[in-house]
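Asks: My questions will all concern the structure given below.
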Amino acid sequence: MIRLFAALTVALFASLPARAEVEIQEVVSPGGITAWLVQEPSIPFMALELRFRGGASLDAPGKRGAINLMTGLLEEGSGDLDSRAFAREVEALAASLGYDVGDDSLSVSARFLTENRAAAVELLRKSIIEPSFDQEALDRVRGQVLTGLRSDAQDPNKIARAAFDELAFGDHPYGSNYRGTIDSVNALTREDMLAAHSAVFAKDRLYVGAVGDITPEELGPLLDELLGALPDEGAPQPGPAEILIEGGTTVVPFDTPQSVAIFGQAGIEQDDPDFFAARVLNQVLGAGGFESRLMTEVREKRGLTYGVYSFLVPQDHAATYQGQVASANERIAEAVSVIRDEWAQAAADGVTQEELDAAKLYVTGAYPLRFDGNAPIARIMVGMQMLGLPIDYIATRNEKVEAVMLDDVRRVAGELLDPESLHFVVVGQPEGLETTVGN
């Protein structure tokens with residue numbers, strides 16, 4: 001059955017159009033659950049994506065890591081099924097069930113054959129509505145989380161990320177690791193798992209995407225069967241995160257021959273009218289691989305790093321513009337200086353027409369490649385809903401990119417890029433750098 005599922009997946013990929021032309025229908029179940037559906041009956045299986053807004057940011061005070069730990073327990077048994085029995089049932093159905101959590105959402109992903117739809121949905125329902133949270137599974141998964149946290153404490157990249165987030169967001173949930181700390185995770189109990197479950201799983205924060213061999217008339221009752229028992233409301237969402245980080249440098253001493261740096265400043269919200277201009281700008285500055293300015297100046301011309309990147313980070317409660325680079329301890333100061341210079345030059349001069357044309361060509365050309373199967377399409381549709389995008393966004397998105405003009409990018413570069421506010425968190429033993437505030 002697993003081989004059959006894999007073969008059907010390959011067949012579906014081969015049948016997808018080269019262009020991002022996806023016909024989405026809105027379906028409202030008899031019980032009032034809204035979903036977006038792409039009906040594709042040619043292959044007898046479907047993908048279902050559920051997303052619950054809030055995610056790990058809904059941890060109760062003093063319970064950091066509870067929602068992450070709870071998410072790890074969802075496939076560890078339900079009702080009369082322990083973790084092994086649950087896994088055997090999923091495998092016997094040639095189904096795939098996945099659970100993930102981050103700062104802004106908890107995701108549940110499922111793929112299953114049409115012939116096994118009813119049984120797969122029932123297993124999924126049990127995992128969401130009736131998880132066991134038995135003590136043996138809790139202790140085992142807790143151990144896995146603690147192992148990861150101890151590993152993070154020796155990883156320069158993770159140390160840099162934690163330091164940057166704390167500086168940027170302070171006491172907001174974004175300012176701490178959503179997986180918690182060793183102390184907070186050790187203290188979590190089964191009662192905390194039940195409370196975390198109630199905080200996240202509710203209809204008022206639910207988004208659904210479905211793709212595959214199912215009709216709107218079938219999907220509505222399926223959603224009520226799967227999710228109808230959820231409570232109407234969960235825990236309150238956190239408020240906006242004030243971006244506290246100021247320009248300067250923070251050095252975190254760590255015994256390693258290569259320093260790692262995360263840098264960033266305030267960013268741009270994804271619903272901002274200038275977001276596409278910022279997206280194109282970032283493609284030129286740091287997201288374009290070997291064609292980007294940062295890679296050209298820091299790696300190609302000076303050999304200071306194997307890679308340097310920048311990326312827009314529009315989260316639910318804050319937007320930042322970040323980047324990352326690693327370099328030898330004796331060369332990281334030069335890498336930081338070059339990045340600052342490139343940030344300032346882009347802010348002052350924007351981009352060239354040649355750079356704009358190349359960036360737009362890449363951004364529009366890469367977009368259809370994201371639609372390479374049922375599951376990716378379902379995830380994209382859920383993301384669109386969470387952002388409040390219109391149902392025809394897929395068809396119009398590239399038009400918005402094409403509409404970005406050179407003057408737009410130059411104006412946005414001047415407004416968005418703020419070299420005086422750019423802050424570098426450097427983990428290692430960097431020569432010629434020390435902690436400063438202000439440039």
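Order determines the names: the first chain of the structure tokens is A, the second B, and so forth; residues in each chain are numbered 1 upward, and ligands are numbered 1 upward as they are shown.
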Taking only C-alpha atoms into account, produce a table as a tab-separated table in which each residue of range 244-303 of chain A with an atom at most 8 Å from an atom of range 421-429 of chain A appears once, together with its shortest atom pair and the distance in Å to one decimal, ordered by chain and rising number.

Replies:
```
residue	atom	partner	partner_atom	distance
A:Ile245	CA	A:His423	CA	7.1
A:Glu246	CA	A:Ser421	CA	5.3
A:Gly247	CA	A:Ser421	CA	3.7
A:Gly248	CA	A:His423	CA	4.8
A:Thr249	CA	A:Phe424	CA	4.7
A:Thr250	CA	A:Val425	CA	4.7
A:Val251	CA	A:Val426	CA	4.8
A:Val252	CA	A:Val427	CA	4.7
A:Pro253	CA	A:Gly428	CA	5.2
A:Phe254	CA	A:Gly428	CA	4.4
A:Asp255	CA	A:Gly428	CA	6.0
A:Thr256	CA	A:Gly428	CA	5.6
A:Pro257	CA	A:Gly428	CA	7.3
A:Gln258	CA	A:Gly428	CA	6.4
A:Ser259	CA	A:Gly428	CA	4.3
A:Val260	CA	A:Val427	CA	5.2
A:Ala261	CA	A:Val426	CA	4.3
A:Ile262	CA	A:Val425	CA	5.3
A:Phe263	CA	A:Phe424	CA	4.3
A:Gly264	CA	A:Leu422	CA	5.4
A:Gln265	CA	A:Leu422	CA	5.0
```

Asks: Kindly export the residues of the current selection with all heavy atoms, as a short mmCIF file (atom, residue, chain, number, x, y, z; two decimals), in the first residue's frame.

Replies:
```cif
data_model
loop_
_atom_site.label_atom_id
_atom_site.label_comp_id
_atom_site.auth_asym_id
_atom_site.auth_seq_id
_atom_site.Cartn_x
_atom_site.Cartn_y
_atom_site.Cartn_z
N ILE A 245 14.81 45.90 19.09
CA ILE A 245 16.22 45.88 18.75
C ILE A 245 16.65 47.20 18.13
O ILE A 245 15.91 47.82 17.37
CB ILE A 245 16.52 44.70 17.79
CG1 ILE A 245 17.98 44.31 17.88
CG2 ILE A 245 16.09 45.00 16.36
CD1 ILE A 245 18.27 42.93 17.33
N GLU A 246 17.85 47.66 18.49
CA GLU A 246 18.42 48.89 17.96
C GLU A 246 19.67 48.57 17.16
O GLU A 246 20.22 47.47 17.25
CB GLU A 246 18.77 49.84 19.11
CG GLU A 246 17.58 50.24 19.98
CD GLU A 246 18.00 51.11 21.15
OE1 GLU A 246 19.21 51.37 21.28
OE2 GLU A 246 17.12 51.52 21.91
N GLY A 247 20.11 49.53 16.38
CA GLY A 247 21.32 49.33 15.61
C GLY A 247 22.52 49.06 16.49
O GLY A 247 22.62 49.57 17.61
N GLY A 248 23.43 48.23 16.01
CA GLY A 248 24.62 47.93 16.78
C GLY A 248 25.05 46.49 16.61
O GLY A 248 24.70 45.83 15.64
N THR A 249 25.80 45.99 17.59
CA THR A 249 26.35 44.64 17.54
C THR A 249 26.26 44.02 18.93
O THR A 249 26.54 44.69 19.93
CB THR A 249 27.83 44.66 17.09
OG1 THR A 249 27.93 45.31 15.82
CG2 THR A 249 28.39 43.25 16.98
N THR A 250 25.89 42.77 18.96
CA THR A 250 25.93 41.99 20.20
C THR A 250 26.82 40.79 19.97
O THR A 250 26.56 39.99 19.06
CB THR A 250 24.53 41.52 20.62
OG1 THR A 250 23.71 42.65 20.90
CG2 THR A 250 24.61 40.63 21.86
N VAL A 251 27.87 40.65 20.75
CA VAL A 251 28.78 39.52 20.64
C VAL A 251 28.47 38.53 21.76
O VAL A 251 28.43 38.90 22.94
CB VAL A 251 30.25 39.97 20.72
CG1 VAL A 251 31.18 38.76 20.77
CG2 VAL A 251 30.59 40.87 19.54
N VAL A 252 28.24 37.28 21.37
CA VAL A 252 28.01 36.19 22.33
C VAL A 252 29.23 35.27 22.25
O VAL A 252 29.39 34.55 21.26
CB VAL A 252 26.73 35.40 22.00
CG1 VAL A 252 26.52 34.29 23.02
CG2 VAL A 252 25.53 36.33 21.95
N PRO A 253 30.09 35.29 23.26
CA PRO A 253 31.32 34.48 23.19
C PRO A 253 31.00 32.98 23.11
O PRO A 253 30.14 32.47 23.83
CB PRO A 253 32.04 34.81 24.50
CG PRO A 253 31.48 36.14 24.91
CD PRO A 253 30.05 36.13 24.47
N PHE A 254 31.70 32.30 22.20
CA PHE A 254 31.51 30.86 22.03
C PHE A 254 32.77 30.30 21.39
O PHE A 254 33.31 30.88 20.45
CB PHE A 254 30.29 30.56 21.16
CG PHE A 254 29.89 29.12 21.13
CD1 PHE A 254 29.20 28.55 22.19
CD2 PHE A 254 30.21 28.31 20.04
CE1 PHE A 254 28.83 27.22 22.18
CE2 PHE A 254 29.85 26.97 20.01
CZ PHE A 254 29.15 26.42 21.08
N ASP A 255 33.25 29.19 21.91
CA ASP A 255 34.52 28.63 21.47
C ASP A 255 34.34 27.88 20.14
O ASP A 255 33.95 26.71 20.12
CB ASP A 255 35.07 27.68 22.53
CG ASP A 255 36.49 27.21 22.20
OD1 ASP A 255 37.08 27.76 21.25
OD2 ASP A 255 36.97 26.28 22.88
N THR A 256 34.59 28.58 19.05
CA THR A 256 34.45 28.01 17.71
C THR A 256 35.34 28.79 16.76
O THR A 256 35.54 30.00 16.94
CB THR A 256 32.97 28.08 17.24
OG1 THR A 256 32.88 27.61 15.90
CG2 THR A 256 32.43 29.49 17.32
N PRO A 257 35.92 28.14 15.75
CA PRO A 257 36.81 28.86 14.82
C PRO A 257 36.06 29.75 13.84
O PRO A 257 36.68 30.59 13.20
CB PRO A 257 37.53 27.73 14.08
CG PRO A 257 36.60 26.57 14.17
CD PRO A 257 35.93 26.70 15.50
N GLN A 258 34.75 29.57 13.73
CA GLN A 258 33.95 30.36 12.80
C GLN A 258 32.81 31.04 13.52
O GLN A 258 32.06 30.39 14.25
CB GLN A 258 33.40 29.47 11.69
CG GLN A 258 32.51 30.19 10.69
CD GLN A 258 32.12 29.32 9.52
OE1 GLN A 258 32.76 29.32 8.49
NE2 GLN A 258 31.03 28.58 9.67
N SER A 259 32.67 32.33 13.33
CA SER A 259 31.58 33.07 13.95
C SER A 259 30.33 33.00 13.07
O SER A 259 30.41 32.99 11.84
CB SER A 259 31.97 34.53 14.16
OG SER A 259 32.96 34.66 15.15
N VAL A 260 29.19 32.97 13.71
CA VAL A 260 27.90 32.99 13.04
C VAL A 260 27.20 34.30 13.41
O VAL A 260 27.22 34.71 14.58
CB VAL A 260 27.03 31.80 13.48
CG1 VAL A 260 25.61 31.94 12.96
CG2 VAL A 260 27.64 30.49 12.99
N ALA A 261 26.61 34.95 12.42
CA ALA A 261 25.92 36.22 12.68
C ALA A 261 24.51 36.17 12.11
O ALA A 261 24.30 35.73 10.98
CB ALA A 261 26.68 37.39 12.08
N ILE A 262 23.55 36.60 12.90
CA ILE A 262 22.21 36.91 12.43
C ILE A 262 22.04 38.41 12.54
O ILE A 262 22.38 39.02 13.57
CB ILE A 262 21.14 36.18 13.25
CG1 ILE A 262 21.19 34.67 12.97
CG2 ILE A 262 19.75 36.73 12.95
CD1 ILE A 262 20.18 33.87 13.74
N PHE A 263 21.57 39.03 11.47
CA PHE A 263 21.39 40.48 11.48
C PHE A 263 19.98 40.82 11.07
O PHE A 263 19.30 40.04 10.38
CB PHE A 263 22.41 41.17 10.57
CG PHE A 263 22.45 40.66 9.15
CD1 PHE A 263 21.69 41.26 8.14
CD2 PHE A 263 23.27 39.59 8.80
CE1 PHE A 263 21.75 40.81 6.83
CE2 PHE A 263 23.34 39.13 7.49
CZ PHE A 263 22.57 39.73 6.51
N GLY A 264 19.50 41.98 11.54
CA GLY A 264 18.13 42.35 11.19
C GLY A 264 17.72 43.70 11.69
O GLY A 264 18.42 44.37 12.46
N GLN A 265 16.54 44.08 11.24
CA GLN A 265 15.91 45.36 11.58
C GLN A 265 14.40 45.17 11.44
O GLN A 265 13.93 44.08 11.12
CB GLN A 265 16.39 46.46 10.63
CG GLN A 265 16.09 46.12 9.16
CD GLN A 265 15.98 47.33 8.26
OE1 GLN A 265 16.95 47.78 7.71
NE2 GLN A 265 14.75 47.84 8.11
#
```

Asks: What is the CA of Thr215 in chain A-CA of Gln25 in chain A distance in Å, reported with one decimal?

Replies: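 Separation of CA of Thr215 in chain A and CA of Gln25 in chain A: 10.1 Å.
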
Asks: Can you tell me which residues surround range 162-179 of chain A at a distance of at most 9 Å, considering only C-alpha atoms, apart from same-chain residues fewer than 2 positions away, and format the answer as a short mmCIF file (atom, residue, chain, number, x, y, z; two decimals) with all heavy atoms, in the first residue's frame?

Replies:
```
data_model
loop_
_atom_site.label_atom_id
_atom_site.label_comp_id
_atom_site.auth_asym_id
_atom_site.auth_seq_id
_atom_site.Cartn_x
_atom_site.Cartn_y
_atom_site.Cartn_z
N ALA A 56 2.37 28.07 19.14
CA ALA A 56 3.10 28.06 20.40
C ALA A 56 3.06 29.40 21.12
O ALA A 56 3.41 29.47 22.29
CB ALA A 56 4.54 27.64 20.15
N SER A 57 2.64 30.47 20.43
CA SER A 57 2.53 31.76 21.09
C SER A 57 1.39 31.79 22.11
O SER A 57 1.25 32.76 22.86
CB SER A 57 2.32 32.88 20.06
OG SER A 57 3.49 33.05 19.29
N LEU A 58 0.59 30.73 22.13
CA LEU A 58 -0.52 30.64 23.09
C LEU A 58 -0.12 29.93 24.37
O LEU A 58 -0.97 29.67 25.23
CB LEU A 58 -1.71 29.91 22.45
CG LEU A 58 -2.29 30.57 21.20
CD1 LEU A 58 -3.42 29.72 20.62
CD2 LEU A 58 -2.81 31.97 21.50
N ASP A 59 1.16 29.61 24.54
CA ASP A 59 1.61 29.01 25.80
C ASP A 59 1.17 29.88 26.98
O ASP A 59 1.30 31.11 26.96
CB ASP A 59 3.13 28.90 25.83
CG ASP A 59 3.65 27.63 25.19
OD1 ASP A 59 2.92 26.63 25.17
OD2 ASP A 59 4.80 27.65 24.70
N ARG A 64 6.18 27.67 29.08
CA ARG A 64 6.79 27.73 27.76
C ARG A 64 7.21 26.33 27.32
O ARG A 64 7.87 25.60 28.06
CB ARG A 64 8.00 28.66 27.78
CG ARG A 64 8.43 29.11 26.39
CD ARG A 64 7.33 29.89 25.70
NE ARG A 64 7.80 30.56 24.48
CZ ARG A 64 7.08 30.62 23.37
NH1 ARG A 64 5.89 30.05 23.30
NH2 ARG A 64 7.56 31.27 22.32
N GLY A 65 6.83 25.99 26.10
CA GLY A 65 7.11 24.68 25.56
C GLY A 65 5.96 23.70 25.66
O GLY A 65 6.04 22.60 25.11
N ALA A 66 4.87 24.10 26.35
CA ALA A 66 3.75 23.18 26.55
C ALA A 66 3.07 22.82 25.23
O ALA A 66 2.77 21.65 24.96
CB ALA A 66 2.74 23.77 27.52
N ILE A 67 2.83 23.81 24.39
CA ILE A 67 2.12 23.53 23.13
C ILE A 67 3.01 22.74 22.19
O ILE A 67 2.53 21.84 21.48
CB ILE A 67 1.61 24.84 22.51
CG1 ILE A 67 0.47 25.40 23.38
CG2 ILE A 67 1.13 24.64 21.08
CD1 ILE A 67 0.01 26.77 23.01
N ASN A 68 4.30 23.00 22.17
CA ASN A 68 5.20 22.20 21.36
C ASN A 68 5.20 20.74 21.83
O ASN A 68 5.12 19.82 21.01
CB ASN A 68 6.61 22.76 21.44
CG ASN A 68 7.60 21.91 20.68
OD1 ASN A 68 7.56 21.80 19.46
ND2 ASN A 68 8.51 21.28 21.42
N LEU A 69 5.30 20.52 23.13
CA LEU A 69 5.29 19.16 23.66
C LEU A 69 3.96 18.48 23.39
O LEU A 69 3.91 17.31 22.99
CB LEU A 69 5.59 19.19 25.17
CG LEU A 69 5.65 17.84 25.89
CD1 LEU A 69 6.66 16.91 25.23
CD2 LEU A 69 6.00 18.05 27.36
N VAL A 101 4.29 22.63 14.77
CA VAL A 101 3.91 23.87 15.44
C VAL A 101 5.03 24.87 15.32
O VAL A 101 6.21 24.51 15.20
CB VAL A 101 3.56 23.61 16.93
CG1 VAL A 101 4.82 23.28 17.74
CG2 VAL A 101 2.83 24.80 17.54
N GLY A 102 4.68 26.15 15.29
CA GLY A 102 5.64 27.24 15.27
C GLY A 102 5.09 28.40 16.06
O GLY A 102 4.12 28.28 16.81
N ASP A 103 5.71 29.55 15.88
CA ASP A 103 5.30 30.72 16.64
C ASP A 103 3.86 31.14 16.38
O ASP A 103 3.18 31.63 17.28
CB ASP A 103 6.21 31.91 16.31
CG ASP A 103 7.58 31.77 16.94
OD1 ASP A 103 7.67 31.29 18.09
OD2 ASP A 103 8.57 32.15 16.30
N VAL A 145 12.48 16.23 23.36
CA VAL A 145 12.56 17.68 23.34
C VAL A 145 13.77 18.17 24.13
O VAL A 145 14.52 19.06 23.69
CB VAL A 145 11.26 18.31 23.91
CG1 VAL A 145 11.41 19.82 24.04
CG2 VAL A 145 10.07 17.97 23.02
N LEU A 149 16.96 20.51 23.00
CA LEU A 149 17.32 21.76 23.66
C LEU A 149 18.79 21.75 24.10
O LEU A 149 19.49 22.76 24.00
CB LEU A 149 16.42 22.00 24.87
CG LEU A 149 14.95 22.33 24.55
CD1 LEU A 149 14.13 22.39 25.82
CD2 LEU A 149 14.84 23.65 23.78
N ASN A 157 24.41 28.56 15.57
CA ASN A 157 23.27 29.11 14.85
C ASN A 157 22.05 29.27 15.75
O ASN A 157 21.36 30.29 15.71
CB ASN A 157 22.91 28.21 13.65
CG ASN A 157 23.96 28.24 12.57
OD1 ASN A 157 24.06 29.19 11.80
ND2 ASN A 157 24.77 27.19 12.50
N LYS A 158 21.80 28.25 16.58
CA LYS A 158 20.66 28.31 17.49
C LYS A 158 20.90 29.35 18.60
O LYS A 158 19.97 30.04 19.03
CB LYS A 158 20.40 26.94 18.09
CG LYS A 158 20.04 25.88 17.06
CD LYS A 158 18.73 26.20 16.37
CE LYS A 158 18.42 25.18 15.28
NZ LYS A 158 18.24 23.81 15.79
N ILE A 159 22.14 29.45 19.05
CA ILE A 159 22.47 30.46 20.07
C ILE A 159 22.24 31.87 19.51
O ILE A 159 21.66 32.74 20.17
CB ILE A 159 23.93 30.29 20.54
CG1 ILE A 159 24.10 28.95 21.26
CG2 ILE A 159 24.33 31.44 21.46
CD1 ILE A 159 25.54 28.59 21.53
N ALA A 160 22.67 32.08 18.27
CA ALA A 160 22.47 33.39 17.64
C ALA A 160 20.99 33.70 17.46
O ALA A 160 20.54 34.83 17.71
CB ALA A 160 23.20 33.44 16.30
N THR A 181 12.40 25.88 27.70
CA THR A 181 13.73 25.70 28.28
C THR A 181 13.78 24.35 28.96
O THR A 181 12.75 23.68 29.16
CB THR A 181 14.03 26.79 29.32
OG1 THR A 181 13.13 26.62 30.44
CG2 THR A 181 13.84 28.19 28.74
N VAL A 185 10.31 22.74 30.40
CA VAL A 185 9.83 21.47 29.84
C VAL A 185 9.83 20.37 30.90
O VAL A 185 8.90 19.55 30.96
CB VAL A 185 10.67 21.07 28.62
CG1 VAL A 185 10.31 19.67 28.12
CG2 VAL A 185 10.48 22.09 27.50
N PRO A 238 -2.00 36.47 21.36
CA PRO A 238 -1.11 37.49 21.92
C PRO A 238 -1.23 38.80 21.14
O PRO A 238 -1.65 38.80 19.98
CB PRO A 238 0.28 36.88 21.76
CG PRO A 238 0.15 35.92 20.63
CD PRO A 238 -1.26 35.38 20.71
N GLY A 239 -0.88 39.89 21.77
CA GLY A 239 -0.94 41.18 21.10
C GLY A 239 0.26 41.40 20.21
O GLY A 239 1.14 40.55 20.08
N PRO A 240 0.34 42.58 19.57
CA PRO A 240 1.47 42.89 18.70
C PRO A 240 2.79 42.85 19.47
O PRO A 240 2.85 43.15 20.66
CB PRO A 240 1.17 44.32 18.22
CG PRO A 240 -0.30 44.48 18.41
CD PRO A 240 -0.66 43.67 19.61
N ALA A 241 3.85 42.47 18.77
CA ALA A 241 5.18 42.44 19.35
C ALA A 241 5.91 43.72 18.96
O ALA A 241 6.11 44.00 17.78
CB ALA A 241 5.96 41.23 18.87
N GLU A 242 6.30 44.49 19.94
CA GLU A 242 7.10 45.68 19.67
C GLU A 242 8.53 45.25 19.32
O GLU A 242 9.13 44.42 20.02
CB GLU A 242 7.13 46.59 20.89
CG GLU A 242 7.91 47.88 20.68
CD GLU A 242 7.97 48.74 21.93
OE1 GLU A 242 7.37 48.35 22.95
OE2 GLU A 242 8.63 49.79 21.88
N ILE A 243 9.06 45.79 18.24
CA ILE A 243 10.43 45.45 17.84
C ILE A 243 11.39 46.34 18.60
O ILE A 243 11.47 47.56 18.37
CB ILE A 243 10.60 45.59 16.31
CG1 ILE A 243 9.64 44.62 15.60
CG2 ILE A 243 12.05 45.31 15.91
CD1 ILE A 243 9.61 44.76 14.12
N LEU A 244 12.11 45.75 19.53
CA LEU A 244 12.92 46.51 20.48
C LEU A 244 14.37 46.68 20.06
O LEU A 244 15.09 47.51 20.61
CB LEU A 244 12.90 45.79 21.84
CG LEU A 244 11.51 45.52 22.44
CD1 LEU A 244 11.63 44.62 23.67
CD2 LEU A 244 10.81 46.83 22.79
N ILE A 245 14.81 45.90 19.09
CA ILE A 245 16.22 45.88 18.75
C ILE A 245 16.65 47.20 18.13
O ILE A 245 15.91 47.82 17.37
CB ILE A 245 16.52 44.70 17.79
CG1 ILE A 245 17.98 44.31 17.88
CG2 ILE A 245 16.09 45.00 16.36
CD1 ILE A 245 18.27 42.93 17.33
N GLU A 246 17.85 47.66 18.49
CA GLU A 246 18.42 48.89 17.96
C GLU A 246 19.67 48.57 17.16
O GLU A 246 20.22 47.47 17.25
CB GLU A 246 18.77 49.84 19.11
CG GLU A 246 17.58 50.24 19.98
CD GLU A 246 18.00 51.11 21.15
OE1 GLU A 246 19.21 51.37 21.28
OE2 GLU A 246 17.12 51.52 21.91
N THR A 250 25.89 42.77 18.96
CA THR A 250 25.93 41.99 20.20
C THR A 250 26.82 40.79 19.97
O THR A 250 26.56 39.99 19.06
CB THR A 250 24.53 41.52 20.62
OG1 THR A 250 23.71 42.65 20.90
CG2 THR A 250 24.61 40.63 21.86
N VAL A 252 28.24 37.28 21.37
CA VAL A 252 28.01 36.19 22.33
C VAL A 252 29.23 35.27 22.25
O VAL A 252 29.39 34.55 21.26
CB VAL A 252 26.73 35.40 22.00
CG1 VAL A 252 26.52 34.29 23.02
CG2 VAL A 252 25.53 36.33 21.95
N ILE A 262 23.55 36.60 12.90
CA ILE A 262 22.21 36.91 12.43
C ILE A 262 22.04 38.41 12.54
O ILE A 262 22.38 39.02 13.57
CB ILE A 262 21.14 36.18 13.25
CG1 ILE A 262 21.19 34.67 12.97
CG2 ILE A 262 19.75 36.73 12.95
CD1 ILE A 262 20.18 33.87 13.74
N PHE A 263 21.57 39.03 11.47
CA PHE A 263 21.39 40.48 11.48
C PHE A 263 19.98 40.82 11.07
O PHE A 263 19.30 40.04 10.38
CB PHE A 263 22.41 41.17 10.57
CG PHE A 263 22.45 40.66 9.15
CD1 PHE A 263 21.69 41.26 8.14
CD2 PHE A 263 23.27 39.59 8.80
CE1 PHE A 263 21.75 40.81 6.83
CE2 PHE A 263 23.34 39.13 7.49
CZ PHE A 263 22.57 39.73 6.51
N GLY A 264 19.50 41.98 11.54
CA GLY A 264 18.13 42.35 11.19
C GLY A 264 17.72 43.70 11.69
O GLY A 264 18.42 44.37 12.46
N GLN A 265 16.54 44.08 11.24
CA GLN A 265 15.91 45.36 11.58
C GLN A 265 14.40 45.17 11.44
O GLN A 265 13.93 44.08 11.12
CB GLN A 265 16.39 46.46 10.63
CG GLN A 265 16.09 46.12 9.16
CD GLN A 265 15.98 47.33 8.26
OE1 GLN A 265 16.95 47.78 7.71
NE2 GLN A 265 14.75 47.84 8.11
N HIS A 317 2.43 38.92 14.35
CA HIS A 317 2.42 40.01 15.32
C HIS A 317 3.61 40.96 15.19
O HIS A 317 3.74 41.90 15.99
CB HIS A 317 2.37 39.44 16.74
CG HIS A 317 1.23 38.48 16.94
ND1 HIS A 317 -0.08 38.88 16.94
CD2 HIS A 317 1.21 37.13 17.10
CE1 HIS A 317 -0.86 37.82 17.12
NE2 HIS A 317 -0.10 36.77 17.22
N ALA A 318 4.46 40.74 14.22
CA ALA A 318 5.59 41.63 13.97
C ALA A 318 6.21 41.25 12.64
O ALA A 318 6.11 40.10 12.20
CB ALA A 318 6.63 41.53 15.09
N HIS A 423 21.07 45.50 13.28
CA HIS A 423 21.77 44.94 14.44
C HIS A 423 22.31 43.56 14.10
O HIS A 423 21.61 42.73 13.51
CB HIS A 423 20.83 44.83 15.64
CG HIS A 423 21.55 44.58 16.93
ND1 HIS A 423 21.81 45.57 17.85
CD2 HIS A 423 22.09 43.45 17.45
CE1 HIS A 423 22.47 45.06 18.88
NE2 HIS A 423 22.66 43.76 18.65
N PHE A 424 23.56 43.32 14.48
CA PHE A 424 24.21 42.03 14.26
C PHE A 424 24.41 41.32 15.60
O PHE A 424 24.97 41.88 16.53
CB PHE A 424 25.58 42.22 13.60
CG PHE A 424 25.52 42.55 12.14
CD1 PHE A 424 25.17 43.84 11.73
CD2 PHE A 424 25.80 41.59 11.19
CE1 PHE A 424 25.12 44.15 10.38
CE2 PHE A 424 25.75 41.91 9.84
CZ PHE A 424 25.40 43.18 9.43
N VAL A 425 23.92 40.09 15.68
CA VAL A 425 24.24 39.21 16.80
C VAL A 425 25.29 38.22 16.30
O VAL A 425 25.03 37.45 15.37
CB VAL A 425 22.99 38.46 17.31
CG1 VAL A 425 23.40 37.41 18.34
CG2 VAL A 425 21.99 39.43 17.91
#
```

Asks: Tell me which of A:Pro131, A:Gly288, A:Pro44, A:Gly350 sits closest to Leu194 in chain A, counting only C-alpha atoms.

Replies: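 Using only C-alpha atoms, Leu194 in chain A sits closest to A:Pro131.
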
Asks: Smallest atom-to-atom distance to Gln39 in chain A: which of A:Glu434, A:Arg117, A:Leu222, A:Glu23, using only C-alpha atoms?

Replies: A:Glu23

Asks: Can you tell me which residues surround range 301-316 of chain A at a distance of at most 7 Å, considering only C-alpha atoms, apart from same-chain residues fewer than 4 positions away, and format the answer as JSON, numbers by chain?

Replies: {"A": [104, 267, 268, 269, 270, 282, 286, 287, 294, 295, 296, 297, 320, 321, 322, 323, 324, 325, 326, 327, 331, 335]}
